[in-house]
Structures are given as structure tokens and as C-alpha cells.
Amino acid sequence: MHQGSSDSRIHRRLVDQLYVEAMVLADEARTYFDEEGRAERETLAPLERVGFSCESLKVTTRLMHVIAWLLTQRAVAAGELGPHDALDPARRLGEAPQTDEAAAAVLPLRARLLIMASSDLHRRIARLDGTPAAGEPVSPARAMQQRLALAF
């Protein structure tokens, strides 16, 4: 029992740290794409501006999926949601939109850094959630654990 309690405290601290990281990154992305990045966007060719706008939406989507998942984990830790309920597909981590590397390569440095940071954070959360990232194999052991959790 003590071990489970210790594990849940560690898990809670990890979730809280990731939540802060996600919120800071979301604020940085909003500030850049809505304010600071506008001038940089205007210097791009028309097709590159479209790519800039698409990538800003992808960054936002990745971060919102991450934040929603972290809020679900916090709700489980607070006893507001059962662990079984957190396994509902609607509460799992949403799929990350993929960035076109060639299109991203022509974007301003700050935009590329935000794209990479949001992708990295989503990939780390996917590992915690047990959902495979794009191109990542599904662990048979993880799949069995998820089926068992759903059964009980």
C-alpha cells in the first residue's frame, strides 16, 4: 500500500510538472503566433504564410490534446474521475497532427522551435498514456494492461 501511495505522489508531481510545461508552452505559442510572429509571417511568400498558419494550428492542437490529457490525470488523482474512466477513448491523448518537415524548414526559427517543442511534449505524453506516437510500435504488454484495466 505504501508503494502505491509513493508511486501516486510521484505520478502526481510528474503530471503537475508537465502541466506547467504545457501551459507555459501554450502561452509562448499564443504570444508568438498571435502577436510577435505576425511580422515574421508577413515576410514569407504567400504559400509559406499558409504553411505558417497551418503549423500554428497544429502546435495549438498538440498542446490542447496534451493539456486535456493532463487535466484528466489530475482529475483521477483528485478522486474526481475513476482510473477506469480515464481509459475511455474520449479521454485518451488525441492524435498529434504531423508537421511537413519541408514546409516547416522555411519558417522562422521561433516557429520551428515551437513546432519541435510541441511535438516533443506530445510524444512524451503519448509514452505516459501508452498510446503509440506516429510510427511507434504498440507494446503487447501495454496493450494487455489496457485490456485488463478496461475489464475491471
# chains A, B, ... in the order shown; residues from 1 in each chain; ligands from 1
$ residues_around --residues "range 114-124 of chain A" --least-positions-apart "4" --cutoff "9 Å" --atoms "only C-alpha atoms" --output "number ranges by chain"
A: 18, 21-22, 25-26, 28-29, 32, 55-56, 58-60, 62-63, 65-66, 93, 95-99, 104, 109-110, 128-129, 132-134
$ select_by_dssp --residues "range 24-63 of chain A" --states "alpha helix (DSSP H)" --output "ChimeraX atom specification"
/A:24-31,37-42,46-63
$ write_last_selection --atoms "C-alpha atoms" --output "compact mmCIF listing (two decimals), in the first residue's frame"
# COMPACT_ATOMS: atom_id res chain seq x y z
CA VAL A 24 3.94 27.79 -20.45
CA LEU A 25 4.46 26.41 -23.95
CA ALA A 26 0.83 27.17 -24.86
CA ASP A 27 1.29 30.75 -23.66
CA GLU A 28 4.54 31.10 -25.62
CA ALA A 29 2.85 29.73 -28.75
CA ARG A 30 -0.14 32.04 -28.38
CA THR A 31 2.09 35.06 -27.86
CA GLY A 37 5.14 36.17 -35.19
CA ARG A 38 2.81 38.30 -37.29
CA ALA A 39 5.65 40.46 -38.59
CA GLU A 40 7.72 37.38 -39.43
CA ARG A 41 4.71 35.79 -41.12
CA GLU A 42 4.28 38.80 -43.38
CA PRO A 46 2.06 33.51 -49.81
CA LEU A 47 2.29 29.70 -49.76
CA GLU A 48 4.72 29.85 -46.83
CA ARG A 49 2.26 32.08 -44.94
CA VAL A 50 -0.37 29.38 -45.37
CA GLY A 51 2.12 26.84 -44.01
CA PHE A 52 2.86 29.16 -41.09
CA SER A 53 -0.86 29.36 -40.26
CA CYS A 54 -1.31 25.59 -40.59
CA GLU A 55 1.64 24.90 -38.34
CA SER A 56 0.34 27.32 -35.71
CA LEU A 57 -2.93 25.34 -35.66
CA LYS A 58 -1.03 22.07 -35.38
CA VAL A 59 1.00 23.39 -32.43
CA THR A 60 -2.21 24.51 -30.73
CA THR A 61 -3.90 21.17 -31.40
CA ARG A 62 -0.98 19.19 -29.98
CA LEU A 63 -0.88 21.34 -26.87
$ closest_residue --among "A:Ile67, A:Val20, A:Thr43, A:Val15" --to "Arg92 in chain A" --atoms "only C-alpha atoms"
A:Ile67
$ atom_distance --atom1 "CA of Leu113 in chain A" --atom2 "CA of Gln73 in chain A"
27.0 Å
$ atom_distance --atom1 "CA of Leu81 in chain A" --atom2 "CA of Trp69 in chain A"
12.5 Å
$ atom_distance --atom1 "CA of Val76 in chain A" --atom2 "CA of His11 in chain A"
11.0 Å
